[in-house]
$ cat run_28.pdb   # PDB, C-alpha atoms, pLDDT in the B column
ATOM      1  CA  ASP A   1      45.768 -83.203  34.663  1.00 78.00           C
ATOM      2  CA  PHE A   2      47.422 -81.375  31.819  1.00 85.00           C
ATOM      3  CA  GLN A   3      46.779 -78.808  29.129  1.00 92.00           C
ATOM      4  CA  ILE A   4      47.749 -78.856  25.488  1.00 93.00           C
ATOM      5  CA  LEU A   5      48.511 -75.327  24.373  1.00 94.00           C
ATOM      6  CA  SER A   6      48.789 -74.472  20.701  1.00 95.00           C
ATOM      7  CA  TYR A   7      51.767 -72.156  21.183  1.00 95.00           C
ATOM      8  CA  SER A   8      53.806 -74.886  22.870  1.00 94.00           C
ATOM      9  CA  VAL A   9      52.951 -77.461  20.191  1.00 95.00           C
ATOM     10  CA  GLY A  10      53.378 -75.069  17.294  1.00 96.00           C
ATOM     11  CA  ALA A  11      50.036 -76.121  15.823  1.00 97.00           C
ATOM     12  CA  ARG A  12      46.369 -75.462  16.409  1.00 96.00           C
ATOM     13  CA  LYS A  13      43.035 -76.984  15.493  1.00 96.00           C
ATOM     14  CA  PRO A  14      42.393 -78.367  12.898  1.00 96.00           C
ATOM     15  CA  GLU A  15      46.076 -79.226  12.283  1.00 97.00           C
ATOM     16  CA  LYS A  16      46.665 -82.892  13.086  1.00 94.00           C
ATOM     17  CA  GLU A  17      49.753 -82.226  15.236  1.00 96.00           C
ATOM     18  CA  ILE A  18      47.617 -80.615  17.939  1.00 96.00           C
ATOM     19  CA  TYR A  19      45.432 -83.731  18.204  1.00 96.00           C
ATOM     20  CA  GLN A  20      48.414 -86.097  18.160  1.00 96.00           C
ATOM     21  CA  GLU A  21      50.013 -84.227  21.069  1.00 95.00           C
ATOM     22  CA  ILE A  22      47.621 -85.862  23.547  1.00 94.00           C
ATOM     23  CA  PHE A  23      49.370 -89.175  22.974  1.00 95.00           C
ATOM     24  CA  ASN A  24      52.525 -87.761  24.567  1.00 94.00           C
ATOM     25  CA  TYR A  25      50.553 -87.638  27.838  1.00 93.00           C
ATOM     26  CA  VAL A  26      48.185 -90.614  27.802  1.00 94.00           C
ATOM     27  CA  ASN A  27      48.426 -94.263  26.876  1.00 95.00           C
ATOM     28  CA  PHE A  28      45.307 -94.552  24.711  1.00 95.00           C
ATOM     29  CA  LYS A  29      44.761 -95.455  21.095  1.00 96.00           C
ATOM     30  CA  PRO A  30      43.174 -92.735  18.942  1.00 96.00           C
ATOM     31  CA  SER A  31      39.991 -94.804  18.666  1.00 93.00           C
ATOM     32  CA  GLU A  32      39.700 -94.693  22.480  1.00 93.00           C
ATOM     33  CA  VAL A  33      39.541 -90.876  22.624  1.00 93.00           C
ATOM     34  CA  LEU A  34      36.380 -88.806  22.119  1.00 91.00           C
ATOM     35  CA  PHE A  35      36.888 -85.294  20.762  1.00 94.00           C
ATOM     36  CA  ILE A  36      33.971 -82.863  21.152  1.00 93.00           C
ATOM     37  CA  ASP A  37      33.815 -79.552  19.302  1.00 95.00           C
ATOM     38  CA  ASP A  38      31.259 -77.238  17.747  1.00 95.00           C
ATOM     39  CA  LYS A  39      33.181 -76.563  14.516  1.00 96.00           C
ATOM     40  CA  ASP A  40      33.080 -78.896  11.513  1.00 95.00           C
ATOM     41  CA  GLU A  41      36.701 -78.207  10.538  1.00 97.00           C
ATOM     42  CA  ASN A  42      37.956 -79.184  14.004  1.00 97.00           C
ATOM     43  CA  ILE A  43      35.928 -82.397  13.922  1.00 96.00           C
ATOM     44  CA  ALA A  44      37.410 -83.240  10.520  1.00 97.00           C
ATOM     45  CA  GLY A  45      40.947 -82.673  11.814  1.00 96.00           C
ATOM     46  CA  ALA A  46      40.373 -84.976  14.766  1.00 97.00           C
ATOM     47  CA  GLU A  47      38.891 -87.674  12.540  1.00 97.00           C
ATOM     48  CA  GLU A  48      42.001 -87.542  10.333  1.00 96.00           C
ATOM     49  CA  VAL A  49      44.105 -88.851  13.225  1.00 96.00           C
ATOM     50  CA  GLY A  50      41.514 -91.517  14.133  1.00 97.00           C
ATOM     51  CA  LEU A  51      39.777 -89.913  17.110  1.00 96.00           C
ATOM     52  CA  LYS A  52      36.118 -90.578  17.784  1.00 93.00           C
ATOM     53  CA  THR A  53      34.252 -87.306  17.435  1.00 92.00           C
ATOM     54  CA  HIS A  54      31.060 -85.545  18.355  1.00 91.00           C
ATOM     55  CA  HIS A  55      29.851 -82.309  16.779  1.00 92.00           C
ATOM     56  CA  TYR A  56      28.497 -80.379  19.756  1.00 91.00           C
ATOM     57  CA  LYS A  57      24.994 -78.999  19.369  1.00 89.00           C
ATOM     58  CA  SER A  58      23.502 -79.626  22.805  1.00 88.00           C
ATOM     59  CA  LEU A  59      24.300 -81.356  26.058  1.00 88.00           C
ATOM     60  CA  ASP A  60      21.571 -83.936  25.439  1.00 85.00           C
ATOM     61  CA  CYS A  61      23.252 -84.928  22.176  1.00 87.00           C
ATOM     62  CA  ILE A  62      26.526 -85.521  23.999  1.00 87.00           C
ATOM     63  CA  PHE A  63      24.818 -87.938  26.376  1.00 87.00           C
ATOM     64  CA  GLU A  64      23.279 -89.767  23.413  1.00 87.00           C
ATOM     65  CA  ARG A  65      26.725 -90.060  21.770  1.00 85.00           C
ATOM     66  CA  LEU A  66      28.254 -91.374  24.983  1.00 86.00           C
ATOM     67  CA  ASP A  67      25.486 -94.000  25.178  1.00 89.00           C
ATOM     68  CA  GLU A  68      26.261 -95.016  21.566  1.00 86.00           C
ATOM     69  CA  ILE A  69      29.951 -95.387  22.316  1.00 83.00           C
ATOM     70  CA  GLY A  70      29.311 -97.322  25.518  1.00 81.00           C
ATOM     71  CA  ASN A  71      27.275 -99.979  23.752  1.00 65.00           C
TER      72      ASN A  71
END

$ encode --input "run_28.pdb" --output "structure tokens"
Amino acid sequence: DFQILSYSVGARKPEKEIYQEIFNYVNFKPSEVLFIDDKDENIAGAEEVGLKTHHYKSLDCIFERLDEIGN
């Protein structure tokens, strides 16, 4: 387990550097990572680096998105 803290990266959402930092810890491609947030600007920032995204509105919607991705 790990945390990505904006002060240690020197960037914060929606700056792309904060999203790219995860790849210093995991061996995934951006298209293999799902980013969930409730703010449009943060979703847009994640999409810029190639992450899959979900705009959070309800827990049920998250499960639907996970089903979409799994198929």

$ atom_distance --input "run_28.pdb" --atom1 "atom CA of Lys52 of chain A" --atom2 "atom CA of Glu21 of chain A"
15.6 Å

$ resolve_selection --input "run_28.pdb" --expression "the PyMOL selection byres ((chain A and resi 4) around 8)" --output "ChimeraX atom specification"
/A:2-3,5-6,8-9,18,21-22

$ resolve_selection --input "run_28.pdb" --expression "the PyMOL selection byres ((chain A and resi 46) around 12)" --output "number ranges by chain"
A: 12-22, 30-31, 33-37, 39-45, 47-55

$ closest_residue --input "run_28.pdb" --among "A:Tyr56, A:Asn27, A:Glu32, A:Gly10" --to "Ile69 of chain A" --atoms "only C-alpha atoms"
A:Glu32

$ atom_distance --input "run_28.pdb" --atom1 "atom CA of Lys29 of chain A" --atom2 "atom CA of Arg65 of chain A"
18.8 Å

$ atom_distance --input "run_28.pdb" --atom1 "atom CA of Val26 of chain A" --atom2 "atom CA of Asp1 of chain A"
10.4 Å

$ axis_aligned_box --input "run_28.pdb" --around "segment 1-17 of chain A" --padding-each-side "5 Å" --output "JSON"
{"center_x": 48.1, "center_y": -77.7, "center_z": 23.5, "size_x": 21.4, "size_y": 21.0, "size_z": 32.4}

$ build_atoms --input "run_28.pdb" --residues "segment 45-56 of chain A" --atoms "all heavy atoms" --output "mmCIF file, in the coordinates of the input"
data_model
loop_
_atom_site.group_PDB
_atom_site.id
_atom_site.type_symbol
_atom_site.label_atom_id
_atom_site.label_comp_id
_atom_site.auth_asym_id
_atom_site.auth_seq_id
_atom_site.Cartn_x
_atom_site.Cartn_y
_atom_site.Cartn_z
ATOM 1 N N GLY A 45 39.537 -82.514 11.450
ATOM 2 C CA GLY A 45 40.947 -82.673 11.814
ATOM 3 C C GLY A 45 41.152 -83.806 12.803
ATOM 4 O O GLY A 45 42.091 -84.592 12.681
ATOM 5 N N ALA A 46 40.279 -83.908 13.775
ATOM 6 C CA ALA A 46 40.373 -84.976 14.766
ATOM 7 C C ALA A 46 40.130 -86.344 14.132
ATOM 8 O O ALA A 46 40.799 -87.328 14.462
ATOM 9 C CB ALA A 46 39.388 -84.727 15.901
ATOM 10 N N GLU A 47 39.181 -86.409 13.221
ATOM 11 C CA GLU A 47 38.891 -87.674 12.540
ATOM 12 C C GLU A 47 40.075 -88.129 11.689
ATOM 13 O O GLU A 47 40.305 -89.328 11.545
ATOM 14 C CB GLU A 47 37.627 -87.535 11.688
ATOM 15 C CG GLU A 47 36.382 -87.460 12.539
ATOM 16 C CD GLU A 47 35.110 -87.206 11.746
ATOM 17 O OE1 GLU A 47 35.197 -86.758 10.570
ATOM 18 O OE2 GLU A 47 34.031 -87.433 12.314
ATOM 19 N N GLU A 48 40.833 -87.190 11.149
ATOM 20 C CA GLU A 48 42.001 -87.542 10.333
ATOM 21 C C GLU A 48 43.045 -88.328 11.112
ATOM 22 O O GLU A 48 43.783 -89.129 10.535
ATOM 23 C CB GLU A 48 42.652 -86.284 9.762
ATOM 24 C CG GLU A 48 41.934 -85.704 8.582
ATOM 25 C CD GLU A 48 42.681 -84.539 7.972
ATOM 26 O OE1 GLU A 48 43.929 -84.556 7.949
ATOM 27 O OE2 GLU A 48 42.003 -83.605 7.527
ATOM 28 N N VAL A 49 43.132 -88.098 12.419
ATOM 29 C CA VAL A 49 44.105 -88.851 13.225
ATOM 30 C C VAL A 49 43.451 -90.044 13.930
ATOM 31 O O VAL A 49 44.091 -90.713 14.727
ATOM 32 C CB VAL A 49 44.845 -87.947 14.246
ATOM 33 C CG1 VAL A 49 45.661 -86.905 13.538
ATOM 34 C CG2 VAL A 49 43.902 -87.333 15.252
ATOM 35 N N GLY A 50 42.171 -90.317 13.628
ATOM 36 C CA GLY A 50 41.514 -91.517 14.133
ATOM 37 C C GLY A 50 40.735 -91.360 15.420
ATOM 38 O O GLY A 50 40.291 -92.354 15.999
ATOM 39 N N LEU A 51 40.547 -90.120 15.885
ATOM 40 C CA LEU A 51 39.777 -89.913 17.110
ATOM 41 C C LEU A 51 38.292 -90.108 16.841
ATOM 42 O O LEU A 51 37.802 -89.813 15.746
ATOM 43 C CB LEU A 51 39.992 -88.495 17.653
ATOM 44 C CG LEU A 51 41.409 -88.078 17.988
ATOM 45 C CD1 LEU A 51 41.420 -86.647 18.495
ATOM 46 C CD2 LEU A 51 42.034 -88.998 19.005
ATOM 47 N N LYS A 52 37.571 -90.601 17.849
ATOM 48 C CA LYS A 52 36.118 -90.578 17.784
ATOM 49 C C LYS A 52 35.717 -89.120 17.983
ATOM 50 O O LYS A 52 36.385 -88.385 18.707
ATOM 51 C CB LYS A 52 35.509 -91.432 18.886
ATOM 52 C CG LYS A 52 35.734 -92.903 18.691
ATOM 53 C CD LYS A 52 35.049 -93.690 19.772
ATOM 54 C CE LYS A 52 35.317 -95.167 19.548
ATOM 55 N NZ LYS A 52 34.668 -96.001 20.553
ATOM 56 N N THR A 53 34.633 -88.715 17.362
ATOM 57 C CA THR A 53 34.252 -87.306 17.435
ATOM 58 C C THR A 53 32.766 -87.138 17.718
ATOM 59 O O THR A 53 31.961 -88.053 17.500
ATOM 60 C CB THR A 53 34.573 -86.568 16.125
ATOM 61 O OG1 THR A 53 33.836 -87.167 15.068
ATOM 62 C CG2 THR A 53 36.061 -86.600 15.824
ATOM 63 N N HIS A 54 32.454 -85.954 18.191
ATOM 64 C CA HIS A 54 31.060 -85.545 18.355
ATOM 65 C C HIS A 54 30.975 -84.064 18.042
ATOM 66 O O HIS A 54 31.713 -83.266 18.611
ATOM 67 C CB HIS A 54 30.562 -85.799 19.779
ATOM 68 C CG HIS A 54 29.173 -85.283 20.003
ATOM 69 N ND1 HIS A 54 28.075 -85.917 19.498
ATOM 70 C CD2 HIS A 54 28.720 -84.174 20.631
ATOM 71 C CE1 HIS A 54 26.986 -85.226 19.831
ATOM 72 N NE2 HIS A 54 27.362 -84.163 20.514
ATOM 73 N N HIS A 55 30.091 -83.711 17.112
ATOM 74 C CA HIS A 55 29.851 -82.309 16.779
ATOM 75 C C HIS A 55 28.845 -81.773 17.793
ATOM 76 O O HIS A 55 27.682 -82.145 17.780
ATOM 77 C CB HIS A 55 29.329 -82.184 15.363
ATOM 78 C CG HIS A 55 29.223 -80.769 14.901
ATOM 79 N ND1 HIS A 55 28.746 -80.446 13.676
ATOM 80 C CD2 HIS A 55 29.551 -79.596 15.491
ATOM 81 C CE1 HIS A 55 28.764 -79.128 13.531
ATOM 82 N NE2 HIS A 55 29.246 -78.604 14.624
ATOM 83 N N TYR A 56 29.322 -80.895 18.673
ATOM 84 C CA TYR A 56 28.497 -80.379 19.756
ATOM 85 C C TYR A 56 27.378 -79.486 19.239
ATOM 86 O O TYR A 56 27.613 -78.536 18.515
ATOM 87 C CB TYR A 56 29.345 -79.568 20.752
ATOM 88 C CG TYR A 56 28.510 -78.992 21.869
ATOM 89 C CD1 TYR A 56 28.175 -79.775 22.946
ATOM 90 C CD2 TYR A 56 28.039 -77.690 21.806
ATOM 91 C CE1 TYR A 56 27.391 -79.269 23.971
ATOM 92 C CE2 TYR A 56 27.253 -77.175 22.819
ATOM 93 C CZ TYR A 56 26.930 -77.966 23.896
ATOM 94 O OH TYR A 56 26.145 -77.475 24.891
#
